[in-house]
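Notes to accompany the following structure.
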Amino acid sequence: MKGWVNRMSIFIGPMMKHLNGHKELTNHSEVVDIKAGALVYIPLMNCTEIIAKPGEQVKVGTMIAKRSDHFIVPIFSSVSGTVRGVEHMVHAGGGTADHLVIENDGKFEYEKSFEPGNYEEMTRDELVTFMMNAGIVGCGGAGFPAYIKYKFAKGVDTKYMKDALTILINAVECEPYITADYRNTEDNLDLLLLGVKAFIKAASAKDAIIAIKETKKELIEKLQLRVKDEPNIKIRPVPDMYPMGWERTLVFEVFKERYDKLPGELGVVVNNATTAIAFAEALTKGTGIVMKTVTFSGDAIKNPVNVRVPVGVKVSEIMEQIGGYSKEDAIVIAGGPMMGKAIKSDEFAITASSNAITILEAKPIDTIPCLRCGKCNDACPAGILPVRINNAEKVGNVALIQKLRADQCIECGMCTYVCPSKIEVTENVRKAKKLLMAATKK
Ligand code: SF4
Ligand code: SF4
């Protein structure tokens with residue numbers, strides 16, 4: 001009981017729950033290599049410049065597009081072949097976007113995207129610039145450019161420490177079904193360590209903590225063995241609760257302190273374990289994120305498995321290669337079942353930040369009116385009131401939506417999960433956030 005009380009939201013109710021993870025479906029199986037088909041569709045979300053023109057020949061690693069609005073993120077080809085043009089289609093975020101279509105020649109000819117680098121010989125600024133030019137984005141699903149956190153990490157003056165940050169590596173992977181980070185970490189311990197050391201240098205940090213669920217005993221042992229001669233890297237097992245992988249929850253669990261807007265206020269920079277591995281791959285191989293390890297799991301897929309797949313391959317092609325659906329009516333979710341987005345079909349492509357595709361049986365849901373039980377409020381880790389936000393959304397009361405701080409929702413899915421009336425509470429909060437965003441833009 002004591003532990004539960006410790007995990008109370010600062011505003012209301014308990015903020016975490018143990019969920020049935022279904023991780024056993026994929027966490028010990030071999031990663032399956034997926035071949036790209038005749039065409040790949042590289043997502044160009046937020047891209048301001050398309051570099052590769054129709055008819056041009058590209059190789060694996062050729063820079064084909066670039067985002068250079070508020071952030072700089074180069075995009076690299078994941079196959080060799082010929083650029084065919086741009087197609088506007090559904091993307092993994094649920095909306096639509098331009099995709100660069102490349103006809104795959106099947107040769108997978110490779111070129112270095114940039115010169116590799118030895119982090120020990122690079123300055124902090126050189127490492128941050130390298131991270132930017134390598135297009136390293138958060139691989140935990142968010143896809144935020146990683147270099148931004150490091151660019152502004154220097155000289156963070158916190159309540160607790162000055163110029164002495166801690167890197168917190170998030171290897172928690174708390175959503176049910178997803179094991180891509182786990183597999184990636186277990187298969188790439190050397191790269192993880194290298195990436196973590198390079199992150200420490202890039203932030204002029206004093207140390208790093210790798211947070212991982214306490215139930216991953218084998219991996220914890222392996223990690224502890226690997227860091228035994230690294231005095232500034234510690235392994236920190238954390239409870240198997242959802243949403244432990246959320247940045248705020250994890251920072252509180254590890255440091256027992258809360259921050260207002262960014263973990264930097266406490267002298268902490270948080271990155272996902274797979275992002276550290278991607279950074280290490282860039283440093284050692286001179287390659288950006290062109291391949292992804294993605295979990296394909298759920299109760300409506302024949303063979304749950306982790307796949308290693310070039311960015312831009314459509315989910316429909318991957319499903320064909322791994323055995324397909326086990327149920328006639330299935331929901332395809334880009335991401336995990338709690339935070340992912342249900343997409344109307346499987347005709348969308350893997351992105352640089354994809355980590356999971358969850359396939360669930362589509363079951364009829366008998367929704368009943370709200371019981372006013374307050375369970376959704378009690379379960380919300382953001383400390384907001386989802387049921388009241390739902391009601392405000394129904395009548396389009398934007399002022400109330402704002403007052404209820406709907407923008408604080410992290411779309412963790414807990415309110416829908418606990419609702420006895422089977423109301424899509426999260427979806428309604430999402431709609432409220434959209435209303436608020438639209439009103440703010442006016
Ligand atoms: S989805 Fe949003 S409103 Fe619902 S529990 Fe999670 S943070 Fe709270
Ligand atoms: S959990 Fe469901 S039934 Fe209970 S208050 Fe929230 S929306 Fe209503």
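Chain lettering (A, B, ...) mirrors the order of the structure tokens, residue numbering begins at 1 for each chain separately, and ligand numbering begins at 1 in order of display.
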
| field | Expected answer as JSON, numbers by chain: residues within 12 Å of ligand 2, only C-alpha atoms and all ligand atoms | value | {"A": [367, 368, 369, 370, 371, 372, 373, 374, 375, 376, 377, 378, 379, 380, 384, 385, 386, 387, 388, 389, 390, 391, 413, 414, 415, 416, 417, 418, 419, 420, 421, 422, 423, 424, 425, 426, 427, 428, 429]}

| said: From a backbone DSSP assignment, name each residue in range 79-138 of chain A labelled strand (DSSP E or B), as a PyMOL selection string. | reply: chain A and resi 81-90+96-104+110+137

Using N, CA, C and O atoms, can you export the residues from the last selection as a short mmCIF file (atom, residue, chain, number, x, y, z; two decimals), in the first residue's frame?
```cif
data_model
loop_
_atom_site.label_atom_id
_atom_site.label_comp_id
_atom_site.auth_asym_id
_atom_site.auth_seq_id
_atom_site.Cartn_x
_atom_site.Cartn_y
_atom_site.Cartn_z
N GLY A 81 18.27 2.83 -55.68
CA GLY A 81 17.31 2.76 -56.79
C GLY A 81 17.05 4.12 -57.39
O GLY A 81 17.90 5.01 -57.33
N THR A 82 15.85 4.28 -57.94
CA THR A 82 15.52 5.50 -58.69
C THR A 82 14.35 6.22 -58.03
O THR A 82 13.34 5.59 -57.70
N VAL A 83 14.51 7.53 -57.87
CA VAL A 83 13.42 8.33 -57.28
C VAL A 83 12.29 8.42 -58.30
O VAL A 83 12.51 8.75 -59.47
N ARG A 84 11.09 8.11 -57.87
CA ARG A 84 9.94 8.14 -58.78
C ARG A 84 9.08 9.39 -58.60
O ARG A 84 8.32 9.74 -59.49
N GLY A 85 9.15 10.03 -57.45
CA GLY A 85 8.34 11.24 -57.25
C GLY A 85 7.77 11.28 -55.85
O GLY A 85 8.20 10.54 -54.97
N VAL A 86 6.78 12.15 -55.68
CA VAL A 86 6.20 12.35 -54.35
C VAL A 86 4.75 11.87 -54.35
O VAL A 86 4.02 12.13 -55.30
N GLU A 87 4.37 11.14 -53.32
CA GLU A 87 2.98 10.69 -53.20
C GLU A 87 2.42 11.16 -51.86
O GLU A 87 3.08 11.03 -50.83
N HIS A 88 1.23 11.72 -51.90
CA HIS A 88 0.59 12.17 -50.67
C HIS A 88 -0.24 11.01 -50.13
O HIS A 88 -1.14 10.52 -50.81
N MET A 89 0.08 10.54 -48.95
CA MET A 89 -0.64 9.36 -48.43
C MET A 89 -0.69 9.40 -46.89
O MET A 89 -0.09 10.26 -46.25
N VAL A 90 -1.42 8.44 -46.34
CA VAL A 90 -1.59 8.34 -44.89
C VAL A 90 -0.23 8.03 -44.25
O VAL A 90 0.55 7.26 -44.80
N THR A 96 -2.18 12.77 -43.12
CA THR A 96 -1.58 12.49 -44.42
C THR A 96 -0.36 13.39 -44.61
O THR A 96 -0.27 14.46 -44.01
N ALA A 97 0.56 12.94 -45.46
CA ALA A 97 1.79 13.73 -45.70
C ALA A 97 2.40 13.27 -47.02
O ALA A 97 2.07 12.18 -47.53
N ASP A 98 3.29 14.10 -47.54
CA ASP A 98 4.04 13.70 -48.73
C ASP A 98 5.05 12.61 -48.36
O ASP A 98 5.63 12.64 -47.28
N HIS A 99 5.24 11.67 -49.28
CA HIS A 99 6.26 10.62 -49.12
C HIS A 99 7.08 10.59 -50.41
O HIS A 99 6.51 10.70 -51.51
N LEU A 100 8.38 10.44 -50.28
CA LEU A 100 9.20 10.30 -51.48
C LEU A 100 9.20 8.83 -51.89
O LEU A 100 9.55 7.96 -51.09
N VAL A 101 8.77 8.58 -53.12
CA VAL A 101 8.68 7.20 -53.59
C VAL A 101 9.98 6.83 -54.31
O VAL A 101 10.40 7.53 -55.24
N ILE A 102 10.61 5.76 -53.87
CA ILE A 102 11.85 5.30 -54.50
C ILE A 102 11.65 3.88 -55.01
O ILE A 102 11.19 3.00 -54.27
N GLU A 103 11.99 3.70 -56.29
CA GLU A 103 11.91 2.35 -56.87
C GLU A 103 13.17 1.60 -56.46
O GLU A 103 14.29 2.00 -56.80
N ASN A 104 12.98 0.54 -55.72
CA ASN A 104 14.09 -0.22 -55.14
C ASN A 104 14.72 -1.11 -56.22
O ASN A 104 14.03 -1.90 -56.86
N TYR A 110 25.31 0.92 -50.96
CA TYR A 110 25.38 1.76 -49.77
C TYR A 110 26.41 2.86 -49.95
O TYR A 110 27.46 2.64 -50.56
N VAL A 137 16.77 11.31 -34.35
CA VAL A 137 15.51 11.74 -33.72
C VAL A 137 15.15 10.73 -32.63
O VAL A 137 15.64 9.60 -32.63
#
```

| query | What is the CA of Met244 in chain A-CA of Ile357 in chain A distance in Å, reported with one decimal? | reply |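 Those two atoms sit 20.2 Å apart.
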
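Nearest to ligand 1 of all the residues A:Gly312, A:Gly267, A:Pro243, A:Gly143 is A:Pro243, based on only C-alpha atoms and all ligand atoms.
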
Pull the alpha helix (DSSP H) assignments for range 307-383 of chain A out of DSSP run on the backbone, and list those residues as a tab-separated table (two decimals) with C-alpha atoms, in the first residue's frame.
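Writing the result to result_25.tsv gives the following:
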```tsv
chain	number	residue	atom	x	y	z
A	315	VAL	CA	3.05	-2.16	-43.07
A	316	SER	CA	0.92	-4.19	-45.54
A	317	GLU	CA	4.11	-5.62	-47.13
A	318	ILE	CA	5.60	-6.49	-43.75
A	319	MET	CA	2.37	-8.23	-42.72
A	320	GLU	CA	2.57	-10.33	-45.90
A	321	GLN	CA	6.16	-11.34	-45.14
A	322	ILE	CA	5.51	-12.33	-41.51
A	375	LYS	CA	-12.07	6.26	-12.26
A	376	CYS	CA	-10.64	8.07	-15.29
A	377	ASN	CA	-9.76	11.07	-13.14
A	378	ASP	CA	-8.10	8.89	-10.53
A	379	ALA	CA	-6.01	7.08	-13.14
```

| query | Out of A:Gly288, A:Pro337, A:Pro74, A:Pro310, which residue has the shortest atom-to-atom distance to Leu39 in chain A when counting only C-alpha atoms? | reply |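 So, comparing all the options, the nearest one is A:Pro310.
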
| field | Counting only C-alpha atoms and all ligand atoms, the residue of A:Glu173, A:Glu221, A:Asp240, A:Asp407 that sits nearest ligand 1 | value | A:Asp407

| Out of A:His28, A:Arg248, A:Arg258, A:Lys23, which residue has the shortest atom-to-atom distance to ligand 1 when counting only C-alpha atoms and all ligand atoms? |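 Using only C-alpha atoms and all ligand atoms, ligand 1 sits closest to A:Arg248.
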
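As for CA of Ile343 in chain A and CA of Ile72 in chain A, they are spaced 28.0 Å apart.
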
| field | Selected residue, from A:Cys139, A:Thr249, A:Lys292, A:Ala92, that lies nearest to ligand 1 when counting only C-alpha atoms and all ligand atoms | value |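 Closest to ligand 1 of all the choices is A:Thr249.
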
Give me the residues near Glu328 in chain A as a compact mmCIF listing (two decimals) with N, CA, C and O atoms, in the first residue's frame, where near means some atom within 12 Å (using only C-alpha atoms) and where sequence neighbours in that chain fewer than 4 positions away do not count.
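The file below, result_38.txt, is the result:
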```
# COMPACT_ATOMS: atom_id res chain seq x y z
N ASP A 299 -3.29 -9.44 -30.59
CA ASP A 299 -4.05 -10.69 -30.55
C ASP A 299 -4.68 -11.04 -31.90
O ASP A 299 -5.45 -11.99 -32.00
N ALA A 300 -4.36 -10.25 -32.94
CA ALA A 300 -4.94 -10.56 -34.25
C ALA A 300 -3.87 -10.71 -35.33
O ALA A 300 -4.11 -10.46 -36.50
N ILE A 301 -2.68 -11.11 -34.89
CA ILE A 301 -1.59 -11.32 -35.85
C ILE A 301 -1.13 -12.77 -35.70
O ILE A 301 -1.06 -13.30 -34.59
N LYS A 302 -0.84 -13.42 -36.85
CA LYS A 302 -0.50 -14.85 -36.79
C LYS A 302 0.81 -15.08 -36.05
O LYS A 302 0.91 -15.94 -35.20
N GLY A 324 0.81 -12.52 -41.81
CA GLY A 324 -0.51 -11.91 -41.93
C GLY A 324 -1.35 -11.93 -40.65
O GLY A 324 -0.86 -12.19 -39.55
N ILE A 359 -1.62 -5.14 -33.65
CA ILE A 359 -2.79 -5.59 -34.41
C ILE A 359 -3.75 -6.24 -33.42
O ILE A 359 -3.42 -7.28 -32.83
N LEU A 360 -4.88 -5.61 -33.23
CA LEU A 360 -5.84 -6.14 -32.25
C LEU A 360 -7.14 -6.53 -32.94
O LEU A 360 -7.53 -5.92 -33.94
N GLU A 361 -7.78 -7.53 -32.36
CA GLU A 361 -9.07 -7.95 -32.91
C GLU A 361 -10.09 -6.83 -32.71
O GLU A 361 -10.18 -6.24 -31.63
N ALA A 362 -10.83 -6.53 -33.78
CA ALA A 362 -11.88 -5.50 -33.68
C ALA A 362 -13.11 -6.14 -33.06
O ALA A 362 -13.75 -6.99 -33.67
N LYS A 363 -13.38 -5.79 -31.82
CA LYS A 363 -14.55 -6.37 -31.13
C LYS A 363 -15.60 -5.28 -30.96
O LYS A 363 -15.25 -4.13 -30.70
```

| field | Counting only C-alpha atoms and all ligand atoms, the option among A:Cys409, A:Ala146, A:Leu19, A:Leu435 closest to ligand 1 | value | A:Cys409

| request: Would you kindly return, as number ranges by chain, each protein, DNA or RNA residue with an atom no farther than 9 Å from any atom of range 55-67 of chain A, considering only C-alpha atoms and excluding same-chain residues fewer than 4 positions away? | output: A: 44-51, 71-85, 100, 102, 108-114, 286-290
